[in-house]
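Engineer: One file: data-v1.cif (mmCIF, C-alpha atoms and all ligand atoms).
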data_structure
loop_
_atom_site.label_atom_id
_atom_site.label_comp_id
_atom_site.auth_asym_id
_atom_site.auth_seq_id
_atom_site.Cartn_x
_atom_site.Cartn_y
_atom_site.Cartn_z
CA MET S 1 197.82 132.93 200.26
CA PHE S 2 198.60 134.84 203.45
CA ASN S 3 201.22 133.90 205.96
CA LYS S 4 199.76 133.09 209.41
CA ASP S 5 202.27 135.29 211.24
CA VAL S 6 201.25 138.25 209.10
CA LEU S 7 197.56 137.53 209.69
CA SER S 8 198.16 137.20 213.41
CA ARG S 9 199.81 140.63 213.46
CA TYR S 10 196.85 142.14 211.55
CA PHE S 11 194.48 140.97 214.28
CA LEU S 12 196.69 142.20 217.12
CA ALA S 13 197.05 145.60 215.47
CA PHE S 14 193.30 145.70 214.82
CA ALA S 15 192.60 144.97 218.51
CA GLU S 16 195.02 147.64 219.69
CA LYS S 17 194.47 150.44 217.19
CA GLU S 18 190.86 150.10 216.13
CA CYS S 19 188.86 148.13 218.71
CA LYS S 20 190.23 149.54 221.95
CA GLY S 21 187.65 151.93 223.39
CA SER S 22 185.22 151.08 220.60
CA SER S 23 184.29 147.37 220.73
CA LEU S 24 185.14 145.15 223.70
CA LEU S 25 183.74 142.15 221.82
CA TYR S 26 185.90 142.57 218.69
CA GLU S 27 188.95 143.53 220.74
CA HIS S 28 188.68 140.36 222.82
CA LEU S 29 187.98 138.13 219.82
CA SER S 30 190.82 139.66 217.75
CA ILE S 31 193.40 138.91 220.45
CA LYS S 32 192.19 135.29 220.61
CA ILE S 33 191.99 134.85 216.82
CA ALA S 34 195.61 136.05 216.54
CA THR S 35 196.75 132.81 218.24
CA ASP S 36 194.32 130.39 216.58
CA ASP S 37 195.70 128.54 213.55
CA ASN S 38 192.31 127.25 212.36
CA LEU S 39 190.75 130.69 212.26
CA LEU S 40 193.81 132.27 210.66
CA GLU S 41 193.65 129.61 207.97
CA ILE S 42 190.04 130.55 207.22
CA CYS S 43 191.15 134.20 206.93
CA SER S 44 193.76 133.31 204.33
CA ASN S 45 190.83 133.16 201.84
CA ALA S 46 190.29 136.91 201.95
CA ARG S 47 191.00 139.01 198.88
CA GLU S 48 194.38 140.71 198.78
CA GLY S 49 194.24 144.37 199.84
CA GLN S 50 191.15 143.96 202.02
CA PRO S 51 191.20 144.74 205.77
CA ILE S 52 190.91 141.10 206.90
CA PRO S 53 189.64 141.49 210.49
CA ASN S 54 186.79 143.75 209.32
CA LEU S 55 185.96 141.22 206.62
CA LEU S 56 185.91 138.19 208.97
CA PHE S 57 183.78 139.97 211.58
CA GLY S 58 181.51 141.30 208.84
CA ALA S 59 181.03 137.75 207.47
CA VAL S 60 180.09 136.29 210.87
CA HIS S 61 177.82 139.24 211.71
CA TYR S 62 176.14 138.92 208.30
CA LEU S 63 175.29 135.25 208.85
CA LEU S 64 173.94 136.00 212.34
CA LEU S 65 171.85 138.95 211.15
CA LYS S 66 170.47 136.71 208.41
CA GLY S 67 169.05 134.50 211.15
CA THR S 68 171.64 131.70 211.54
CA GLU S 69 170.78 130.09 214.88
CA HIS S 70 173.81 129.71 217.15
CA PRO S 71 174.61 130.55 220.81
CA LEU S 72 177.18 133.08 219.53
CA LYS S 73 174.31 135.49 218.86
CA GLU S 74 173.86 135.96 222.64
CA TYR S 75 177.03 138.11 222.62
CA PHE S 76 175.83 140.49 219.89
CA PRO S 77 174.00 143.64 221.09
CA SER S 78 172.84 144.17 217.51
CA ILE S 79 170.85 140.93 217.75
CA VAL S 80 169.74 140.39 221.37
CA ASP S 81 168.55 142.95 223.92
CA ASN S 82 170.60 141.77 226.89
CA PRO S 83 173.87 140.44 225.47
CA LYS S 84 176.24 138.28 227.51
CA LEU S 85 179.58 139.71 228.59
CA TYR S 86 182.22 139.36 225.83
CA LYS S 87 184.56 137.25 228.01
CA GLY S 88 183.00 133.86 227.21
CA SER S 89 182.48 134.57 223.52
CA PHE S 90 185.56 133.10 221.83
CA GLU S 91 184.63 129.43 222.26
CA PHE S 92 181.29 130.08 220.51
CA PHE S 93 182.90 132.31 217.89
CA LYS S 94 185.33 129.55 216.94
CA ASP S 95 182.60 126.93 216.90
CA PHE S 96 180.51 129.17 214.61
CA CYS S 97 183.40 129.77 212.21
CA LEU S 98 184.21 126.06 211.93
CA LYS S 99 180.55 125.08 211.50
CA TYR S 100 179.90 127.73 208.81
CA ARG S 101 183.38 127.66 207.32
CA LYS S 102 182.18 127.25 203.73
CA GLU S 103 179.76 130.19 203.95
CA ILE S 104 182.38 132.40 205.64
CA GLU S 105 185.08 131.54 203.11
CA SER S 106 182.72 132.34 200.27
CA ILE S 107 182.03 135.78 201.79
CA LEU S 108 185.76 136.39 202.32
CA LYS S 109 186.41 135.60 198.67
CA THR S 110 183.63 137.74 197.23
CA ARG S 111 182.73 140.66 199.50
CA LEU S 112 184.58 143.95 200.05
CA VAL S 113 184.84 146.09 203.16
CA GLN S 114 182.60 148.93 202.08
CA THR S 115 181.37 150.48 205.31
CA ASN S 116 179.54 153.69 204.44
CA GLU S 117 180.10 155.89 207.46
CA VAL S 118 177.59 158.75 207.42
CA ARG S 119 179.06 160.50 210.44
CA ARG S 120 182.18 161.36 208.45
CA CYS S 121 179.95 164.03 206.85
CA ALA S 122 180.40 165.93 210.15
CA TYR S 123 183.87 166.99 209.01
CA LEU S 124 183.03 167.07 205.29
CA TYR S 125 180.37 169.74 205.98
CA PRO S 126 182.87 172.47 207.02
CA ALA S 127 185.19 171.36 204.20
CA PHE S 128 182.43 171.94 201.62
CA CYS S 129 181.47 175.27 203.28
CA THR S 130 185.13 176.31 202.94
CA ILE S 131 185.11 175.36 199.26
CA TYR S 132 181.90 177.28 198.64
CA GLU S 133 183.39 180.42 200.23
CA LYS S 134 186.28 180.19 197.77
CA ALA S 135 184.46 179.11 194.61
CA ARG S 136 181.05 180.81 194.98
CA LYS S 137 179.55 178.35 192.52
CA PRO S 138 177.28 175.32 193.03
CA LEU S 139 179.30 172.23 193.96
CA ALA S 140 179.57 169.32 191.53
CA LEU S 141 180.45 166.31 193.68
CA ILE S 142 182.47 163.33 192.47
CA GLU S 143 183.12 160.80 195.21
CA ILE S 144 185.67 158.01 194.71
CA GLY S 145 184.91 154.87 196.77
CA THR S 146 181.33 155.98 197.33
CA SER S 147 180.03 152.57 198.49
CA ALA S 148 176.23 153.23 198.70
CA GLY S 149 176.59 156.97 198.06
CA LEU S 150 175.44 158.16 201.50
CA GLN S 151 178.16 160.80 201.79
CA LEU S 152 177.10 162.33 198.48
CA LEU S 153 173.99 163.46 200.33
CA TRP S 154 175.83 165.42 203.05
CA ASP S 155 173.79 168.56 202.23
CA LYS S 156 170.56 166.71 203.07
CA TYR S 157 171.52 166.12 206.71
CA SER S 158 171.67 168.50 209.67
CA TYR S 159 174.68 168.98 211.95
CA SER S 160 175.31 169.91 215.60
CA TYR S 161 178.72 170.53 217.08
CA GLY S 162 178.15 170.65 220.82
CA THR S 163 176.15 173.91 220.90
CA ASN S 164 172.47 174.65 220.29
CA ASN S 165 173.18 175.72 216.70
CA ILE S 166 171.97 173.46 213.93
CA TYR S 167 173.55 173.66 210.47
CA GLY S 168 172.72 172.22 207.07
CA ASN S 169 169.24 170.96 206.27
CA LYS S 170 167.44 171.87 209.49
CA ASN S 171 164.39 169.75 208.54
CA SER S 172 166.42 166.58 208.10
CA ASN S 173 165.46 163.30 209.79
CA LEU S 174 169.15 162.76 210.37
CA ASN S 175 171.01 165.05 212.76
CA ILE S 176 174.73 164.28 212.83
CA THR S 177 176.59 165.30 215.96
CA ALA S 178 180.34 165.64 216.43
CA GLU S 179 182.74 167.26 218.83
CA VAL S 180 185.02 169.99 217.48
CA ARG S 181 188.33 169.86 219.34
CA GLY S 182 191.15 172.41 219.48
CA GLU S 183 191.23 176.16 219.14
CA ASN S 184 190.28 176.80 215.52
CA THR S 185 186.69 177.29 214.45
CA PRO S 186 185.66 175.67 211.17
CA ILE S 187 183.53 177.56 208.66
CA LEU S 188 179.95 176.40 209.20
CA HIS S 189 177.24 177.92 207.04
CA PRO S 190 173.77 177.95 208.61
CA THR S 191 172.35 176.19 205.53
CA SER S 192 174.02 173.75 203.14
CA PRO S 193 175.89 175.18 200.14
CA PRO S 194 174.16 174.36 196.82
CA VAL S 195 174.98 171.05 195.10
CA SER S 196 174.45 170.68 191.35
CA THR S 197 175.72 167.13 190.61
CA ARG S 198 176.33 163.92 192.56
CA ILE S 199 178.48 161.21 190.99
CA GLY S 200 179.73 158.22 192.99
CA LEU S 201 182.46 155.93 191.62
CA ASP S 202 183.25 152.58 193.23
CA LEU S 203 184.77 149.24 192.24
CA ASN S 204 181.46 147.87 193.47
CA THR S 205 178.66 150.36 194.15
CA ILE S 206 176.03 149.29 196.66
CA ASP S 207 172.34 149.51 195.85
CA LEU S 208 170.52 150.03 199.15
CA ASN S 209 167.23 149.07 197.52
CA ASP S 210 168.66 145.54 197.38
CA GLU S 211 168.06 143.98 200.81
CA GLU S 212 171.09 141.61 200.57
CA GLU S 213 173.46 144.49 199.82
CA LYS S 214 171.94 146.59 202.59
CA LEU S 215 172.40 143.70 205.03
CA TRP S 216 176.08 143.42 204.11
CA LEU S 217 176.63 147.10 204.92
CA LYS S 218 174.77 146.69 208.21
CA SER S 219 176.98 143.68 209.02
CA LEU S 220 180.05 145.89 208.73
CA ILE S 221 178.72 148.13 211.51
CA TRP S 222 180.12 146.81 214.78
CA PRO S 223 177.57 145.14 217.05
CA GLU S 224 177.85 147.65 219.93
CA HIS S 225 177.44 150.67 217.63
CA ARG S 226 173.67 151.16 217.78
CA GLU S 227 173.91 154.88 217.02
CA ARG S 228 175.91 154.20 213.82
CA LEU S 229 173.26 151.73 212.75
CA SER S 230 170.47 154.21 213.39
CA MET S 231 172.30 156.94 211.42
CA PHE S 232 172.89 154.50 208.57
CA GLU S 233 169.17 153.61 208.42
CA LYS S 234 168.13 157.28 208.39
CA ALA S 235 170.65 158.22 205.70
CA ALA S 236 169.60 155.20 203.64
CA SER S 237 166.06 156.59 203.54
CA TYR S 238 167.42 159.64 201.64
CA ILE S 239 169.09 157.65 198.87
CA LYS S 240 165.76 156.37 197.49
CA GLY S 241 164.48 159.68 196.09
CA ALA S 242 167.88 161.27 195.46
CA SER S 243 169.36 162.05 192.09
CA VAL S 244 172.68 160.25 192.47
CA ASN S 245 174.66 158.69 189.65
CA LEU S 246 176.48 155.62 191.02
CA VAL S 247 179.01 154.12 188.59
CA ASP S 248 180.92 150.82 188.91
CA GLY S 249 184.63 150.90 188.10
CA ASP S 250 188.04 152.14 189.16
CA GLY S 251 187.54 155.70 190.40
CA ILE S 252 190.95 156.89 189.26
CA SER S 253 190.60 155.69 185.68
CA LEU S 254 187.04 157.04 185.40
CA LEU S 255 187.70 160.42 187.01
CA SER S 256 188.66 162.58 183.99
CA LYS S 257 185.72 161.33 181.91
CA TYR S 258 183.20 162.39 184.58
CA VAL S 259 184.92 165.72 185.25
CA GLU S 260 184.59 166.56 181.54
CA GLU S 261 180.80 166.22 181.83
CA ILE S 262 180.57 168.94 184.50
CA PRO S 263 179.58 172.37 183.11
CA GLU S 264 181.69 175.43 183.91
CA ASP S 265 178.95 177.00 186.03
CA SER S 266 179.70 174.43 188.78
CA VAL S 267 182.93 173.82 190.62
CA VAL S 268 184.40 170.30 190.60
CA CYS S 269 184.74 168.77 194.09
CA ILE S 270 186.46 165.38 194.15
CA PHE S 271 186.39 163.69 197.54
CA HIS S 272 187.04 160.40 199.27
CA THR S 273 187.35 159.25 202.89
CA HIS S 274 188.90 155.95 203.97
CA VAL S 275 189.40 154.79 200.40
CA ALA S 276 193.02 155.59 199.49
CA ASN S 277 194.29 153.01 202.01
CA GLN S 278 192.68 150.36 199.79
CA ILE S 279 194.48 151.71 196.70
CA PRO S 280 198.12 150.91 195.79
CA ILE S 281 200.64 153.78 196.22
CA GLU S 282 201.31 154.10 192.48
CA LYS S 283 197.59 154.54 191.78
CA ASN S 284 197.29 157.18 194.50
CA LYS S 285 200.15 159.07 192.84
CA GLN S 286 198.30 158.78 189.55
CA LEU S 287 195.19 160.21 191.23
CA LEU S 288 197.08 163.27 192.54
CA HIS S 289 198.57 163.75 189.09
CA THR S 290 195.13 163.51 187.44
CA VAL S 291 193.76 166.19 189.80
CA GLU S 292 196.77 168.40 188.99
CA THR S 293 196.14 167.95 185.24
CA ILE S 294 192.46 168.87 185.71
CA GLY S 295 193.62 171.92 187.72
CA LYS S 296 195.58 173.18 184.70
CA LYS S 297 192.32 173.45 182.75
CA ARG S 298 189.75 174.47 185.38
CA ASP S 299 189.16 175.04 189.09
CA VAL S 300 189.09 171.82 191.09
CA PHE S 301 188.99 170.91 194.79
CA HIS S 302 190.12 167.59 196.26
CA ILE S 303 189.23 166.48 199.81
CA TYR S 304 190.78 163.22 201.01
CA ASN S 305 192.59 161.28 203.70
CA ASN S 306 194.87 158.22 203.88
CA ILE S 307 197.26 159.11 201.04
CA GLN S 308 200.21 160.77 202.83
CA ASP S 309 198.72 160.30 206.32
CA ARG S 310 195.42 159.89 208.20
CA TYR S 311 194.68 163.64 208.29
CA LEU S 312 192.00 165.29 206.19
CA HIS S 313 193.50 167.23 203.28
CA LEU S 314 192.08 169.87 200.98
CA ASP S 315 194.10 170.53 197.82
CA TYR S 316 192.84 172.95 195.22
CA TYR S 317 193.66 174.61 191.94
CA LEU S 318 191.84 177.94 191.78
CA ASP S 319 192.42 180.47 188.99
CA GLY S 320 195.55 178.50 188.08
CA ILE S 321 197.07 178.77 191.57
CA GLU S 322 197.58 175.57 193.53
CA SER S 323 197.21 175.15 197.28
CA HIS S 324 197.76 172.12 199.53
CA ASN S 325 196.30 172.11 203.04
CA THR S 326 195.99 169.72 205.95
CA ILE S 327 192.62 170.80 207.29
CA ALA S 328 191.66 168.42 210.11
CA GLU S 329 192.63 165.58 212.36
CA THR S 330 189.62 163.31 212.58
CA ASP S 331 188.30 160.32 214.47
CA GLY S 332 187.97 157.33 212.12
CA HIS S 333 184.20 157.25 212.55
CA GLY S 334 183.72 161.05 212.59
CA ARG S 335 182.81 161.33 216.29
CA TRP S 336 185.23 164.23 216.72
CA PHE S 337 187.64 166.29 214.69
CA GLU S 338 190.15 169.02 215.25
CA TRP S 339 190.02 171.77 212.63
CA LEU S 340 193.56 172.75 211.68
CA LEU S 341 192.95 175.75 209.40
CA LYS S 342 193.25 179.06 211.23
CA SER S 343 190.43 181.45 210.30
CA GLU S 344 192.68 183.87 208.38
CA MET S 345 193.75 180.98 206.10
CA GLN S 346 190.21 179.83 205.33
C1 LIG S 401 185.94 151.60 203.57
S1 LIG S 401 184.91 152.00 202.23
C2 LIG S 401 184.61 153.72 202.53
C3 LIG S 401 183.32 154.19 201.92
C4 LIG S 401 183.02 155.67 202.10
N1 LIG S 401 184.01 156.48 201.42
C5 LIG S 401 182.95 156.06 203.56
O1 LIG S 401 183.87 156.71 204.07
O2 LIG S 401 181.95 155.73 204.21
C6 LIG S 401 186.05 152.01 200.86
C7 LIG S 401 185.36 151.99 199.50
O3 LIG S 401 186.34 152.28 198.50
C8 LIG S 401 186.06 151.47 197.37
N2 LIG S 401 187.27 151.43 196.52
C9 LIG S 401 188.48 150.87 196.81
N3 LIG S 401 189.33 151.04 195.77
C10 LIG S 401 188.66 151.75 194.82
C11 LIG S 401 188.99 152.24 193.52
N4 LIG S 401 190.21 152.03 192.97
N5 LIG S 401 188.05 152.91 192.82
C12 LIG S 401 186.82 153.11 193.34
N6 LIG S 401 186.45 152.66 194.57
C13 LIG S 401 187.35 152.00 195.30
C14 LIG S 401 185.64 150.16 197.98
O4 LIG S 401 184.94 149.35 197.06
C15 LIG S 401 184.77 150.66 199.14
O5 LIG S 401 183.43 150.83 198.76
#
Would it be possible to restate this file's structure as structure tokens?
Ligand SMILES: C[S@@+](CC[C@H](N)C(=O)[O-])C[C@H]1O[C@@H](n2cnc3c(N)ncnc32)[C@H](O)[C@@H]1O

Structural biologist:
Amino acid sequence: MFNKDVLSRYFLAFAEKECKGSSLLYEHLSIKIATDDNLLEICSNAREGQPIPNLLFGAVHYLLLKGTEHPLKEYFPSIVDNPKLYKGSFEFFKDFCLKYRKEIESILKTRLVQTNEVRRCAYLYPAFCTIYEKARKPLALIEIGTSAGLQLLWDKYSYSYGTNNIYGNKNSNLNITAEVRGENTPILHPTSPPVSTRIGLDLNTIDLNDEEEKLWLKSLIWPEHRERLSMFEKAASYIKGASVNLVDGDGISLLSKYVEEIPEDSVVCIFHTHVANQIPIEKNKQLLHTVETIGKKRDVFHIYNNIQDRYLHLDYYLDGIESHNTIAETDGHGRWFEWLLKSEMQ
């Protein structure tokens, strides 16, 4: 059971750090929820370790997208064409939560925050190009916390970074755009480096061929973020024909077993974005130790964030030599990033 003061602080921090400049609706509602005992009590049903505000908003959005009729829907740009201004929304939000309390509590108890954010591939693309320059072998991808596996298909998408140049798969239906900030230029190959294997590990992998599971992921996309939704839909169309091995289980415990299956003619690339913050510190230490142990036997690259800090890191063990690098500062949703590696270090 959660303490209401703690829950209240979660919502205030969520409003300030995550919603500001991104969702007026969720920012407004979060500030109001933070002072509402009834709603905080509903939230106390969430699973430990889960980001509770995302989970509550995801649950309400899910029920609305499923067709639940309620005046609250008038405030959701993902549902109506001309939404009402967020200011009057709280009264309806509260009424909705009390009316559908049982359904919401059941979602809070069973679902996980598993947003699969395709735009994060905008900064993964130069990271994989950097790896390919060093390893010169096809990349064997193992993603921890893969959700539906959409980031395992980063080589299938095309990329633009504020110029006319297009990188990656130039024929892709999905063109991902991002702003590159700062003075350093990331390595961007005109076409995607070769990928030999795609393995996705997750406590609960998502099958996008299952309409219920797909709807849950769509519910986690904030109502104002139409572009995110469109990118998600386009990326989802690639998963159908793709050869991706999605495996349920703890990614850290499963890692060594799947690395052993990768032949020596490919280089092992372990990666994860916005996952380590859901993993206890001791387990994250174990993960870094496992990568180090793998690095004693073969070359291995590890791209990640949210272990030591929010920055994007690239650690590697190449020909027995280890290297630890902070390679980018990134926007949480991948809309911009600042590349931190100077070209002579790449
Ligand atoms: C916020 S989502 C991020 C998904 C994806 N990496 C992205 O950036 O779009 C976090 C994912 O990590 C998964 N996860 C959390 N702990 C995990 C663990 N120990 N092993 C494998 N997956 C885990 C969750 O189930 C969830 O799908």

Engineer: Give me the residues within 8 Å of S:His302 as a PyMOL selection string, counting all atoms listed in the file and dropping any in the same chain fewer than 4 places off.

Structural biologist: chain S and resi 269-271+291+313-316

Engineer: Which residues, written as a ChimeraX atom specification, have at least one atom at most 8 Å from stretch 223-232 of chain S, with only C-alpha atoms counted and residues fewer than 6 positions away on the same chain left out?

Structural biologist: /S:23,61,76-79,116-119,174,176

Engineer: Out of S:Ile142, S:Leu63, S:Ala122, S:Ile279, which residue has the shortest atom-to-atom distance to ligand LIG 401 (chain S) when counting only C-alpha atoms and all ligand atoms?

Structural biologist: S:Ile279

Engineer: What gap, in Å, lies between atom CA of S:Ile52 and atom CA of S:Phe14?

Structural biologist: 9.5 Å

Engineer: What residues have any atom no more than 7 Å from ligand LIG 401 (chain S) when counting all atoms listed in the file, and can you list them as a CSV table (one decimal) with C-alpha atoms, in the coordinates of the input?

Structural biologist:
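Result written to out.csv:
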chain,number,residue,atom,x,y,z
S,112,LEU,CA,184.6,144.0,200.0
S,113,VAL,CA,184.8,146.1,203.2
S,114,GLN,CA,182.6,148.9,202.1
S,115,THR,CA,181.4,150.5,205.3
S,116,ASN,CA,179.5,153.7,204.4
S,117,GLU,CA,180.1,155.9,207.5
S,118,VAL,CA,177.6,158.8,207.4
S,120,ARG,CA,182.2,161.4,208.4
S,144,ILE,CA,185.7,158.0,194.7
S,145,GLY,CA,184.9,154.9,196.8
S,146,THR,CA,181.3,156.0,197.3
S,147,SER,CA,180.0,152.6,198.5
S,151,GLN,CA,178.2,160.8,201.8
S,201,LEU,CA,182.5,155.9,191.6
S,202,ASP,CA,183.2,152.6,193.2
S,203,LEU,CA,184.8,149.2,192.2
S,204,ASN,CA,181.5,147.9,193.5
S,205,THR,CA,178.7,150.4,194.2
S,249,GLY,CA,184.6,150.9,188.1
S,250,ASP,CA,188.0,152.1,189.2
S,251,GLY,CA,187.5,155.7,190.4
S,252,ILE,CA,191.0,156.9,189.3
S,272,HIS,CA,187.0,160.4,199.3
S,273,THR,CA,187.4,159.2,202.9
S,274,HIS,CA,188.9,156.0,204.0
S,275,VAL,CA,189.4,154.8,200.4
S,276,ALA,CA,193.0,155.6,199.5
S,278,GLN,CA,192.7,150.4,199.8
S,279,ILE,CA,194.5,151.7,196.7

Engineer: Counting all atoms listed in the file, which residues sit no farther than 12 Å from the position (175.3, 177.5, 216.0) in the file's frame? I'd like them as a count of residues only.

Structural biologist: 19

Engineer: Determine, counting only C-alpha atoms, which protein, DNA and RNA residues have an atom within 12 Å of an atom of S:Ile321; residues of the same chain fewer than 6 positions away are not included. Present the result as JSON, numbers by chain.

Structural biologist: {"S": [292, 295, 296, 297, 298, 299, 300, 301, 315]}

Engineer: Using all atoms listed in the file, which of the listed residues (S:Ser219, S:Ser106, S:Asn3, S:Asn169) sits closest to S:Phe57?

Structural biologist: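 Checking each of S:Ser219, S:Ser106, S:Asn3, S:Asn169 against S:Phe57, counting all atoms listed in the file, the winner is S:Ser219.
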
Engineer: Enter the distance from atom CA of S:Leu246 to atom CA of S:Gly200, in Å, rounded to one decimal.

Structural biologist: 4.6 Å

Engineer: Using only C-alpha atoms, find the one residue out of S:Asp36, S:Glu48, S:Asp155, S:Glu322 that sits nearest to S:Pro138.

Structural biologist: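 Nearest candidate to S:Pro138 out of S:Asp36, S:Glu48, S:Asp155, S:Glu322: S:Asp155.
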
Engineer: Could I get stretch 109-116 of chain S rebuilt with all heavy atoms, written as a PDB file, in the coordinates of the input?

Structural biologist:
ATOM      1  N   LYS S 109     185.892 135.588 200.049  1.00  0.00           N
ATOM      2  CA  LYS S 109     186.410 135.600 198.670  1.00  0.00           C
ATOM      3  C   LYS S 109     185.673 136.622 197.803  1.00  0.00           C
ATOM      4  O   LYS S 109     186.200 137.079 196.799  1.00  0.00           O
ATOM      5  CB  LYS S 109     186.233 134.218 198.033  1.00  0.00           C
ATOM      6  CG  LYS S 109     187.279 133.231 198.504  1.00  0.00           C
ATOM      7  CD  LYS S 109     187.023 131.866 197.895  1.00  0.00           C
ATOM      8  CE  LYS S 109     187.884 130.821 198.561  1.00  0.00           C
ATOM      9  NZ  LYS S 109     187.380 129.477 198.446  1.00  0.00           N
ATOM     10  N   THR S 110     184.427 136.937 198.166  1.00  0.00           N
ATOM     11  CA  THR S 110     183.630 137.740 197.230  1.00  0.00           C
ATOM     12  C   THR S 110     183.312 139.158 197.712  1.00  0.00           C
ATOM     13  O   THR S 110     183.163 140.061 196.892  1.00  0.00           O
ATOM     14  CB  THR S 110     182.275 137.040 196.942  1.00  0.00           C
ATOM     15  OG1 THR S 110     181.657 136.750 198.206  1.00  0.00           O
ATOM     16  CG2 THR S 110     182.465 135.758 196.168  1.00  0.00           C
ATOM     17  N   ARG S 111     183.180 139.344 199.006  1.00  0.00           N
ATOM     18  CA  ARG S 111     182.730 140.660 199.500  1.00  0.00           C
ATOM     19  C   ARG S 111     183.901 141.609 199.738  1.00  0.00           C
ATOM     20  O   ARG S 111     185.041 141.174 199.932  1.00  0.00           O
ATOM     21  CB  ARG S 111     181.959 140.511 200.815  1.00  0.00           C
ATOM     22  CG  ARG S 111     180.653 139.784 200.685  1.00  0.00           C
ATOM     23  CD  ARG S 111     179.578 140.679 200.142  1.00  0.00           C
ATOM     24  NE  ARG S 111     178.271 140.039 200.175  1.00  0.00           N
ATOM     25  CZ  ARG S 111     177.185 140.580 199.693  1.00  0.00           C
ATOM     26  NH1 ARG S 111     177.234 141.761 199.113  1.00  0.00           N
ATOM     27  NH2 ARG S 111     176.035 139.964 199.757  1.00  0.00           N
ATOM     28  N   LEU S 112     183.576 142.909 199.764  1.00  0.00           N
ATOM     29  CA  LEU S 112     184.580 143.950 200.050  1.00  0.00           C
ATOM     30  C   LEU S 112     184.166 144.698 201.307  1.00  0.00           C
ATOM     31  O   LEU S 112     182.979 144.780 201.609  1.00  0.00           O
ATOM     32  CB  LEU S 112     184.634 144.945 198.887  1.00  0.00           C
ATOM     33  CG  LEU S 112     184.970 144.393 197.514  1.00  0.00           C
ATOM     34  CD1 LEU S 112     184.728 145.462 196.444  1.00  0.00           C
ATOM     35  CD2 LEU S 112     186.427 143.949 197.469  1.00  0.00           C
ATOM     36  N   VAL S 113     185.151 145.240 202.005  1.00  0.00           N
ATOM     37  CA  VAL S 113     184.840 146.090 203.160  1.00  0.00           C
ATOM     38  C   VAL S 113     184.425 147.452 202.616  1.00  0.00           C
ATOM     39  O   VAL S 113     185.239 148.195 202.086  1.00  0.00           O
ATOM     40  CB  VAL S 113     186.043 146.200 204.116  1.00  0.00           C
ATOM     41  CG1 VAL S 113     185.754 147.199 205.228  1.00  0.00           C
ATOM     42  CG2 VAL S 113     186.351 144.827 204.700  1.00  0.00           C
ATOM     43  N   GLN S 114     183.134 147.735 202.726  1.00  0.00           N
ATOM     44  CA  GLN S 114     182.600 148.930 202.080  1.00  0.00           C
ATOM     45  C   GLN S 114     181.789 149.795 203.027  1.00  0.00           C
ATOM     46  O   GLN S 114     180.878 150.513 202.599  1.00  0.00           O
ATOM     47  CB  GLN S 114     181.705 148.504 200.915  1.00  0.00           C
ATOM     48  CG  GLN S 114     182.450 147.754 199.833  1.00  0.00           C
ATOM     49  CD  GLN S 114     181.667 147.725 198.554  1.00  0.00           C
ATOM     50  OE1 GLN S 114     180.916 146.803 198.323  1.00  0.00           O
ATOM     51  NE2 GLN S 114     181.825 148.741 197.734  1.00  0.00           N
ATOM     52  N   THR S 115     182.103 149.698 204.308  1.00  0.00           N
ATOM     53  CA  THR S 115     181.370 150.480 205.310  1.00  0.00           C
ATOM     54  C   THR S 115     181.093 151.894 204.799  1.00  0.00           C
ATOM     55  O   THR S 115     182.013 152.586 204.377  1.00  0.00           O
ATOM     56  CB  THR S 115     182.232 150.634 206.584  1.00  0.00           C
ATOM     57  OG1 THR S 115     183.032 149.484 206.713  1.00  0.00           O
ATOM     58  CG2 THR S 115     181.384 150.857 207.796  1.00  0.00           C
ATOM     59  N   ASN S 116     179.857 152.314 204.840  1.00  0.00           N
ATOM     60  CA  ASN S 116     179.540 153.690 204.440  1.00  0.00           C
ATOM     61  C   ASN S 116     179.205 154.466 205.709  1.00  0.00           C
ATOM     62  O   ASN S 116     178.147 154.310 206.293  1.00  0.00           O
ATOM     63  CB  ASN S 116     178.350 153.679 203.468  1.00  0.00           C
ATOM     64  CG  ASN S 116     178.345 154.861 202.532  1.00  0.00           C
ATOM     65  OD1 ASN S 116     177.467 154.996 201.693  1.00  0.00           O
ATOM     66  ND2 ASN S 116     179.316 155.729 202.640  1.00  0.00           N
TER      67      ASN S 116
END
